[in-house]
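Read the structure below first, then the notes.
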Amino acid sequence: MLVVWLPSQQDALSLEAVLAAKLPWLEITGRAVTLRTVKLMGRLLDSAGRDAGRVPLDFWAAVPVPGHGDRSVHRTGG
């Protein structure tokens, strides 16, 4: 999976062309576009895309597993 932040949808097409040229074995199996981001790297954004607050990021916190009661996926890192 590849996640990129680009200024426009046209830039996504350009990126795909570059990837196809440099990695001919690469197969793109799906795409998703987010048109309005409400949070970016822990910062809440207002309707104009400006900083409106922050949400602390905890990359190593347990992640709930839907449909499995109270079990969680625990990440370890360093």
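Identifiers for the structure tokens are assigned positionally: chains receive A, B, ... in sequence, residues are indexed from 1 per chain, and ligands are indexed from 1 in the order shown.
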Discussion item. Please list as a list in words every residue within 12 Å of Pro7 of chain A, counting only C-alpha atoms and excluding residues in the same chain fewer than 6 positions away.
Written reply: Leu13, Ser14, Leu15, Val33, Thr34 and Leu35 of chain A
Worksheet item: By how many Å are atom CA of Val4 of chain A and atom CA of Arg50 of chain A apart?
Response: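 Taking atom CA of Val4 of chain A as the start and atom CA of Arg50 of chain A as the end point, the length is 19.4 Å.
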Worksheet entry | Residues within 7 Å of Arg54 of chain A, only C-alpha atoms, excluding chain neighbours under 2 positions, as number ranges by chain | A: 42-44, 56
